[in-house]
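Structure file query.cif with mmCIF, C-alpha atoms, pLDDT in the B column; chains and numbers go by the auth columns:
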```cif
data_coords
#
loop_
_atom_site.group_PDB
_atom_site.id
_atom_site.type_symbol
_atom_site.label_atom_id
_atom_site.label_comp_id
_atom_site.label_asym_id
_atom_site.label_seq_id
_atom_site.Cartn_x
_atom_site.Cartn_y
_atom_site.Cartn_z
_atom_site.B_iso_or_equiv
_atom_site.auth_seq_id
_atom_site.auth_asym_id
ATOM 1 C CA GLY A 1 -176.560 150.529 107.383 34.00 27 A
ATOM 2 C CA GLY A 2 -174.777 153.746 107.094 38.00 28 A
ATOM 3 C CA GLY A 3 -173.414 154.952 110.398 36.00 29 A
ATOM 4 C CA GLY A 4 -170.017 153.570 111.191 36.00 30 A
ATOM 5 C CA GLY A 5 -170.828 149.875 111.377 35.00 31 A
ATOM 6 C CA GLY A 6 -174.293 149.386 112.714 33.00 32 A
ATOM 7 C CA GLY A 7 -177.860 149.726 111.905 29.00 33 A
ATOM 8 C CA GLY A 8 -179.435 152.975 110.906 30.00 34 A
ATOM 9 C CA PHE A 9 -179.789 156.703 110.884 32.00 35 A
ATOM 10 C CA GLY A 10 -179.784 157.202 114.635 30.00 36 A
ATOM 11 C CA LEU A 11 -176.646 155.137 115.260 34.00 37 A
ATOM 12 C CA GLY A 12 -174.085 156.858 117.399 32.00 38 A
ATOM 13 C CA LEU A 13 -176.230 159.360 119.266 37.00 39 A
ATOM 14 C CA GLY A 14 -175.328 157.784 122.574 36.00 40 A
ATOM 15 C CA ALA A 15 -172.029 156.235 121.523 41.00 41 A
ATOM 16 C CA ARG A 16 -169.489 158.661 123.036 42.00 42 A
ATOM 17 C CA GLY A 17 -169.071 160.534 119.787 45.00 43 A
ATOM 18 C CA GLY A 18 -166.810 158.164 117.817 47.00 44 A
ATOM 19 C CA ALA A 19 -169.472 156.439 115.745 47.00 45 A
ATOM 20 C CA TRP A 20 -171.401 159.701 115.353 43.00 46 A
ATOM 21 C CA ARG A 21 -168.306 161.473 113.977 47.00 47 A
ATOM 22 C CA ALA A 22 -167.786 158.659 111.462 52.00 48 A
ATOM 23 C CA PHE A 23 -171.449 158.848 110.470 47.00 49 A
ATOM 24 C CA SER A 24 -171.454 162.639 110.103 49.00 50 A
ATOM 25 C CA THR A 25 -168.282 162.425 108.001 61.00 51 A
ATOM 26 C CA GLU A 26 -170.072 159.943 105.758 78.00 52 A
ATOM 27 C CA LEU A 27 -172.995 162.360 105.394 81.00 53 A
ATOM 28 C CA GLU A 28 -170.660 165.245 104.552 84.00 54 A
ATOM 29 C CA ARG A 29 -169.317 163.172 101.663 87.00 55 A
ATOM 30 C CA LEU A 30 -172.743 162.119 100.375 88.00 56 A
ATOM 31 C CA ARG A 31 -174.607 164.038 97.685 90.00 57 A
ATOM 32 C CA ASN A 32 -177.917 163.438 95.934 89.00 58 A
ATOM 33 C CA ILE A 33 -177.756 164.666 92.344 89.00 59 A
ATOM 34 C CA GLY A 34 -180.755 164.587 90.016 88.00 60 A
ATOM 35 C CA ILE A 35 -180.739 164.442 86.249 88.00 61 A
ATOM 36 C CA SER A 36 -183.810 166.101 84.758 84.00 62 A
ATOM 37 C CA ALA A 37 -184.928 167.263 81.324 80.00 63 A
ATOM 38 C CA HIS A 38 -187.523 167.265 78.601 77.00 64 A
ATOM 39 C CA ILE A 39 -188.215 163.827 77.088 72.00 65 A
ATOM 40 C CA ASP A 40 -185.549 162.560 74.631 74.00 66 A
ATOM 41 C CA SER A 41 -182.894 165.026 75.771 76.00 67 A
ATOM 42 C CA GLY A 42 -180.557 162.204 76.773 81.00 68 A
ATOM 43 C CA LYS A 43 -180.911 161.999 80.581 80.00 69 A
ATOM 44 C CA THR A 44 -180.626 158.241 80.806 78.00 70 A
ATOM 45 C CA THR A 45 -177.823 158.116 78.243 81.00 71 A
ATOM 46 C CA LEU A 46 -175.908 160.731 80.254 85.00 72 A
ATOM 47 C CA THR A 47 -176.466 158.713 83.433 84.00 73 A
ATOM 48 C CA GLU A 48 -175.179 155.571 81.693 84.00 74 A
ATOM 49 C CA ARG A 49 -172.017 157.435 80.647 86.00 75 A
ATOM 50 C CA ILE A 50 -171.456 158.714 84.191 87.00 76 A
ATOM 51 C CA LEU A 51 -171.783 155.159 85.511 86.00 77 A
ATOM 52 C CA PHE A 52 -169.397 153.872 82.844 87.00 78 A
ATOM 53 C CA TYR A 53 -166.684 156.490 83.394 88.00 79 A
ATOM 54 C CA ALA A 54 -166.970 156.123 87.178 87.00 80 A
ATOM 55 C CA GLY A 55 -166.391 152.370 86.775 87.00 81 A
ATOM 56 C CA ARG A 56 -169.828 151.226 88.005 84.00 82 A
ATOM 57 C CA ILE A 57 -170.743 149.480 84.742 83.00 83 A
ATOM 58 C CA GLN A 58 -168.465 147.814 82.237 84.00 84 A
ATOM 59 C CA LYS A 59 -170.463 148.485 79.077 81.00 85 A
ATOM 60 C CA VAL A 60 -172.871 151.193 77.920 77.00 86 A
ATOM 61 C CA HIS A 61 -176.138 149.805 76.555 67.00 87 A
ATOM 62 C CA ASP A 62 -178.709 151.280 74.195 65.00 88 A
ATOM 63 C CA VAL A 63 -181.534 153.110 75.988 60.00 89 A
ATOM 64 C CA ARG A 64 -184.226 151.591 73.789 54.00 90 A
ATOM 65 C CA GLY A 65 -182.922 148.089 74.486 52.00 91 A
ATOM 66 C CA LYS A 66 -182.067 147.313 70.864 57.00 92 A
ATOM 67 C CA ASP A 67 -179.032 145.403 72.078 57.00 93 A
ATOM 68 C CA GLY A 68 -181.239 143.073 74.120 52.00 94 A
ATOM 69 C CA VAL A 69 -180.013 144.506 77.423 51.00 95 A
ATOM 70 C CA GLY A 70 -181.133 148.126 77.670 51.00 96 A
ATOM 71 C CA ALA A 71 -179.975 150.915 79.929 53.00 97 A
ATOM 72 C CA LYS A 72 -179.089 150.042 83.515 53.00 98 A
ATOM 73 C CA MET A 73 -181.350 152.800 84.806 56.00 99 A
ATOM 74 C CA ASP A 74 -184.453 151.607 82.933 50.00 100 A
ATOM 75 C CA SER A 75 -185.627 148.610 84.934 52.00 101 A
ATOM 76 C CA MET A 76 -189.252 148.380 83.781 50.00 102 A
ATOM 77 C CA ASP A 77 -189.956 146.477 80.553 53.00 103 A
ATOM 78 C CA LEU A 78 -192.143 149.344 79.308 48.00 104 A
ATOM 79 C CA GLU A 79 -189.281 151.810 79.844 47.00 105 A
ATOM 80 C CA ARG A 80 -186.969 149.667 77.733 49.00 106 A
ATOM 81 C CA GLU A 81 -189.610 149.131 75.069 52.00 107 A
ATOM 82 C CA LYS A 82 -190.541 152.824 74.738 48.00 108 A
ATOM 83 C CA GLY A 83 -187.091 154.231 75.475 50.00 109 A
ATOM 84 C CA ILE A 84 -188.438 156.607 78.133 52.00 110 A
ATOM 85 C CA THR A 85 -188.073 156.886 81.895 53.00 111 A
ATOM 86 C CA ILE A 86 -191.392 156.395 83.696 52.00 112 A
ATOM 87 C CA GLN A 87 -190.266 156.027 87.285 58.00 113 A
ATOM 88 C CA SER A 88 -187.335 157.822 88.913 66.00 114 A
ATOM 89 C CA ALA A 89 -184.402 155.473 89.300 71.00 115 A
ATOM 90 C CA ALA A 90 -181.506 155.860 91.705 77.00 116 A
ATOM 91 C CA THR A 91 -177.982 154.543 91.574 81.00 117 A
ATOM 92 C CA TYR A 92 -174.690 155.665 93.035 84.00 118 A
ATOM 93 C CA VAL A 93 -171.084 156.277 92.106 87.00 119 A
ATOM 94 C CA GLY A 94 -167.988 156.847 94.144 86.00 120 A
ATOM 95 C CA TRP A 95 -165.800 159.728 93.063 83.00 121 A
ATOM 96 C CA ASN A 96 -162.578 160.329 94.958 84.00 122 A
ATOM 97 C CA GLU A 97 -163.679 160.160 98.592 84.00 123 A
ATOM 98 C CA ASN A 98 -167.306 161.091 97.871 87.00 124 A
ATOM 99 C CA ASN A 99 -170.461 159.053 97.411 89.00 125 A
ATOM 100 C CA ILE A 100 -172.898 160.428 94.870 89.00 126 A
ATOM 101 C CA ASN A 101 -176.463 159.181 94.556 88.00 127 A
ATOM 102 C CA ILE A 102 -177.728 159.822 91.039 88.00 128 A
ATOM 103 C CA ILE A 103 -181.469 160.101 90.479 84.00 129 A
ATOM 104 C CA ASP A 104 -182.589 159.776 86.844 79.00 130 A
ATOM 105 C CA THR A 105 -186.024 161.392 86.595 75.00 131 A
ATOM 106 C CA PRO A 106 -188.744 161.060 83.934 66.00 132 A
ATOM 107 C CA GLY A 107 -188.889 163.664 81.173 55.00 133 A
ATOM 108 C CA HIS A 108 -192.451 163.162 79.947 52.00 134 A
ATOM 109 C CA ILE A 109 -195.054 165.656 81.177 53.00 135 A
ATOM 110 C CA ASP A 110 -197.296 162.799 82.364 55.00 136 A
ATOM 111 C CA PHE A 111 -194.730 162.009 85.060 56.00 137 A
ATOM 112 C CA THR A 112 -194.212 165.536 86.461 61.00 138 A
ATOM 113 C CA ILE A 113 -195.273 164.431 89.962 69.00 139 A
ATOM 114 C CA GLU A 114 -192.515 161.793 89.923 66.00 140 A
ATOM 115 C CA VAL A 115 -189.970 164.539 89.168 66.00 141 A
ATOM 116 C CA GLU A 116 -191.397 166.679 91.966 73.00 142 A
ATOM 117 C CA ARG A 117 -190.925 163.840 94.484 75.00 143 A
ATOM 118 C CA ALA A 118 -187.301 163.395 93.460 73.00 144 A
ATOM 119 C CA LEU A 119 -186.474 167.108 93.674 76.00 145 A
ATOM 120 C CA ARG A 120 -187.284 167.212 97.385 81.00 146 A
ATOM 121 C CA VAL A 121 -184.191 165.176 98.294 83.00 147 A
ATOM 122 C CA LEU A 122 -181.627 166.682 95.912 87.00 148 A
ATOM 123 C CA ASP A 123 -178.477 168.583 96.808 91.00 149 A
ATOM 124 C CA GLY A 124 -178.081 169.623 93.173 92.00 150 A
ATOM 125 C CA ALA A 125 -179.208 168.775 89.671 90.00 151 A
ATOM 126 C CA ILE A 126 -178.167 168.581 86.055 91.00 152 A
ATOM 127 C CA LEU A 127 -180.686 170.115 83.669 92.00 153 A
ATOM 128 C CA VAL A 128 -180.066 168.301 80.393 91.00 154 A
ATOM 129 C CA LEU A 129 -180.939 170.143 77.198 92.00 155 A
ATOM 130 C CA CYS A 130 -180.889 168.827 73.639 92.00 156 A
ATOM 131 C CA SER A 131 -178.674 170.994 71.416 93.00 157 A
ATOM 132 C CA VAL A 132 -181.240 170.660 68.611 94.00 158 A
ATOM 133 C CA GLY A 133 -184.510 170.986 70.578 93.00 159 A
ATOM 134 C CA GLY A 134 -183.213 173.527 73.102 94.00 160 A
ATOM 135 C CA VAL A 135 -185.354 174.685 76.010 94.00 161 A
ATOM 136 C CA GLN A 136 -188.707 172.911 75.603 90.00 162 A
ATOM 137 C CA SER A 137 -191.956 172.866 77.572 86.00 163 A
ATOM 138 C CA GLN A 138 -190.886 170.216 80.097 83.00 164 A
ATOM 139 C CA SER A 139 -187.507 171.960 80.500 89.00 165 A
ATOM 140 C CA ILE A 140 -189.436 175.025 81.650 91.00 166 A
ATOM 141 C CA THR A 141 -191.598 172.950 84.012 88.00 167 A
ATOM 142 C CA VAL A 142 -188.579 171.199 85.547 86.00 168 A
ATOM 143 C CA ASP A 143 -186.750 174.511 85.962 91.00 169 A
ATOM 144 C CA LYS A 144 -189.762 175.985 87.807 89.00 170 A
ATOM 145 C CA GLN A 145 -189.808 172.937 90.085 87.00 171 A
ATOM 146 C CA MET A 146 -186.074 173.298 90.768 88.00 172 A
ATOM 147 C CA LYS A 147 -186.559 176.970 91.635 92.00 173 A
ATOM 148 C CA ARG A 148 -189.445 176.110 93.977 90.00 174 A
ATOM 149 C CA TYR A 149 -187.241 173.653 95.910 88.00 175 A
ATOM 150 C CA ASN A 150 -184.119 175.860 95.658 91.00 176 A
ATOM 151 C CA VAL A 151 -182.162 173.116 93.916 91.00 177 A
ATOM 152 C CA PRO A 152 -178.839 174.410 92.583 92.00 178 A
ATOM 153 C CA ARG A 153 -178.209 173.188 89.048 91.00 179 A
ATOM 154 C CA ILE A 154 -175.994 173.205 86.051 92.00 180 A
ATOM 155 C CA ALA A 155 -177.195 172.899 82.482 93.00 181 A
ATOM 156 C CA PHE A 156 -175.681 170.254 80.247 91.00 182 A
ATOM 157 C CA ILE A 157 -176.232 170.728 76.531 93.00 183 A
ATOM 158 C CA ASN A 158 -176.347 167.270 75.007 90.00 184 A
ATOM 159 C CA LYS A 159 -176.397 165.777 71.506 90.00 185 A
ATOM 160 C CA LEU A 160 -173.851 168.144 69.991 90.00 186 A
ATOM 161 C CA ASP A 161 -173.143 165.555 67.292 89.00 187 A
ATOM 162 C CA ARG A 162 -176.631 165.912 65.798 90.00 188 A
ATOM 163 C CA VAL A 163 -177.439 167.746 62.580 93.00 189 A
ATOM 164 C CA GLY A 164 -178.899 171.114 63.519 94.00 190 A
ATOM 165 C CA ALA A 165 -177.060 171.351 66.856 93.00 191 A
ATOM 166 C CA ARG A 166 -176.931 174.953 68.027 93.00 192 A
ATOM 167 C CA PRO A 167 -175.540 175.096 71.560 93.00 193 A
ATOM 168 C CA PHE A 168 -175.029 178.865 71.627 94.00 194 A
ATOM 169 C CA GLU A 169 -178.687 179.384 70.747 95.00 195 A
ATOM 170 C CA VAL A 170 -179.615 177.039 73.604 95.00 196 A
ATOM 171 C CA ILE A 171 -177.503 179.167 75.972 95.00 197 A
ATOM 172 C CA GLY A 172 -179.519 182.169 74.740 96.00 198 A
ATOM 173 C CA GLN A 173 -182.742 180.272 75.462 96.00 199 A
ATOM 174 C CA LEU A 174 -181.534 179.531 78.998 95.00 200 A
ATOM 175 C CA ARG A 175 -181.117 183.280 79.487 96.00 201 A
ATOM 176 C CA GLU A 176 -184.365 184.330 77.809 96.00 202 A
ATOM 177 C CA LYS A 177 -186.874 181.559 78.582 96.00 203 A
ATOM 178 C CA LEU A 178 -185.587 180.441 81.999 95.00 204 A
ATOM 179 C CA ARG A 179 -184.086 183.757 83.122 95.00 205 A
ATOM 180 C CA LEU A 180 -180.835 182.009 84.105 93.00 206 A
ATOM 181 C CA ASN A 181 -177.414 183.620 84.018 92.00 207 A
ATOM 182 C CA ALA A 182 -175.992 181.045 81.610 91.00 208 A
ATOM 183 C CA ALA A 183 -172.493 180.889 80.153 90.00 209 A
ATOM 184 C CA ALA A 184 -170.551 178.075 78.508 90.00 210 A
ATOM 185 C CA ALA A 185 -168.133 176.528 80.994 89.00 211 A
ATOM 186 C CA GLN A 186 -166.664 174.234 78.375 86.00 212 A
ATOM 187 C CA ILE A 187 -166.809 174.486 74.616 79.00 213 A
ATOM 188 C CA PRO A 188 -165.996 171.395 72.513 74.00 214 A
ATOM 189 C CA SER A 189 -163.092 171.895 70.136 66.00 215 A
ATOM 190 C CA ALA A 190 -165.321 171.203 67.103 65.00 216 A
ATOM 191 C CA TRP A 191 -167.267 174.412 67.815 60.00 217 A
#
```
If you took the structure in this file and wrote it as structure tokens, what would it be?
Amino acid sequence: GGGGGGGGFGLGLGARGGAWRAFSTELERLRNIGISAHIDSGKTTLTERILFYAGRIQKVHDVRGKDGVGAKMDSMDLEREKGITIQSAATYVGWNENNINIIDTPGHIDFTIEVERALRVLDGAILVLCSVGGVQSQSITVDKQMKRYNVPRIAFINKLDRVGARPFEVIGQLREKLRLNAAAAQIPSAW
């Protein structure tokens, strides 16, 4: 359990403050971050990279399972076979003194309700966009859901190495289609 050495959420309420302070400090350093996007934008691949660079996994695996292992976040056989996320999956990373729960959500329109469930518990989100496909139908749906639940978010433009990548056009689409005040916070040196 989470609260300073015992059993559950309510630990410490009657414990003279010490355990409650430790528990509340833990909560202040805990964040739930969702990764959402249109299908095939690279959500699960991004999550795998975060886990790798944070030291949670030792090797990055292919999302479609071509290497015989598959992505850590895709636990269902069908997810590995199809290369899509069907059910939201959660993992965590430690970063400095903070604990971050990462929720990888489905990108296919058939699983919109699954995304909606995940958004209710998020402190923030990463809206992943493909630099070739740009803002697509499910990107618009996910953005509307994030607005409904007041989820603060950043956009991450992925797949810049692909032929036809046009990140500045995608920034324009964020402004026009999603009515977001978008600006590039980091521009790769190749651009």
Checklist entry - Restricting the calculation to only C-alpha atoms, which member of A:Leu153, A:Arg179, A:Lys170, A:Asn184 is positioned closest to Thr71 (chain A)? => result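 Looking only at the distances to Thr71 (chain A), the closest residue turns out to be A:Asn184.
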Checklist entry - So what do you get for CA of Lys69 (chain A) versus CA of Glu52 (chain A), distance-wise? => result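 If I compute the distance from CA of Lys69 (chain A) to CA of Glu52 (chain A), I get 27.5 Å.
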Checklist entry - Suppose you want the space between CA of Asn207 (chain A) and CA of Val158 (chain A); what is it in Å? => result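 Straight-line distance from CA of Asn207 (chain A) to CA of Val158 (chain A) works out to 20.5 Å.
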Item to check | Picked residues, the PyMOL selection byres ((chain A and resi 114-118) around 6), as a PyMOL selection string | outcome: chain A and resi 113+119+126-131
Save out the residues we just selected, C-alpha atoms, as a CSV table (one decimal), in the coordinates of the input.
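Result went into out15.csv, see below:
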```csv
chain,number,residue,atom,x,y,z
A,113,GLN,CA,-190.3,156.0,87.3
A,119,VAL,CA,-171.1,156.3,92.1
A,126,ILE,CA,-172.9,160.4,94.9
A,127,ASN,CA,-176.5,159.2,94.6
A,128,ILE,CA,-177.7,159.8,91.0
A,129,ILE,CA,-181.5,160.1,90.5
A,130,ASP,CA,-182.6,159.8,86.8
A,131,THR,CA,-186.0,161.4,86.6
```
Checklist outcome for this item: Between CA of Ile76 (chain A) and CA of Leu53 (chain A) lies a distance of 21.6 Å
Next on the checklist: Take the PyMOL selection byres ((chain A and resi 72) around 12), run it mentally on this structure, and tell me the resulting residues as a PyMOL selection string.
Outcome noted: chain A and resi 60-63+66-71+73-79+86-89+97-99+128-131+152-156+182-185
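For the residues A:Ala208, A:Ala80, A:Ile59, A:Leu200, ranking by smallest atom-to-atom distance to Gln162 (chain A) using all atoms listed in the file places A:Leu200 first.
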Item to check | the PyMOL selection byres ((chain A and resi 161) around 9) applied to the shown file, residues as a VMD selection string | outcome: chain A and resid 64 155 to 157 159 to 160 162 to 166 196 199 to 200 203 to 204
Output, as lines of an AutoDock Vina configuration file, the centre and edge lengths in Å (one decimal) of the axis-aligned box that contains all listed atoms of region 178-185 of chain A with 6 Å of margin on each side.
```
center_x = -177.3
center_y = 170.1
center_z = 82.0
size_x = 15.2
size_y = 20.6
size_z = 33.1
```
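In terms of minimum interatomic distance to Arg143 (chain A), A:Val168 ranks closest within A:Ala210, A:Val168, A:Ile83, A:Leu56, counting only C-alpha atoms.
Among A:Ala191, A:Gln212, A:Glu202, A:Gly81, the residue with the shortest atom-to-atom distance to Trp121 (chain A), counting only C-alpha atoms, is A:Gly81.
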Checklist entry - With distances taken over only C-alpha atoms, which of A:Ala209, A:Arg201, A:Asn122, A:Gly150 is nearest to Lys173 (chain A)? => result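 Of all the options, A:Gly150 lies closest to Lys173 (chain A).
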Checklist outcome for this item: In terms of all atoms listed in the file, the residue from A:Leu145, A:Arg57, A:Pro214, A:Ile65 at minimal distance from Pro193 (chain A) is A:Pro214
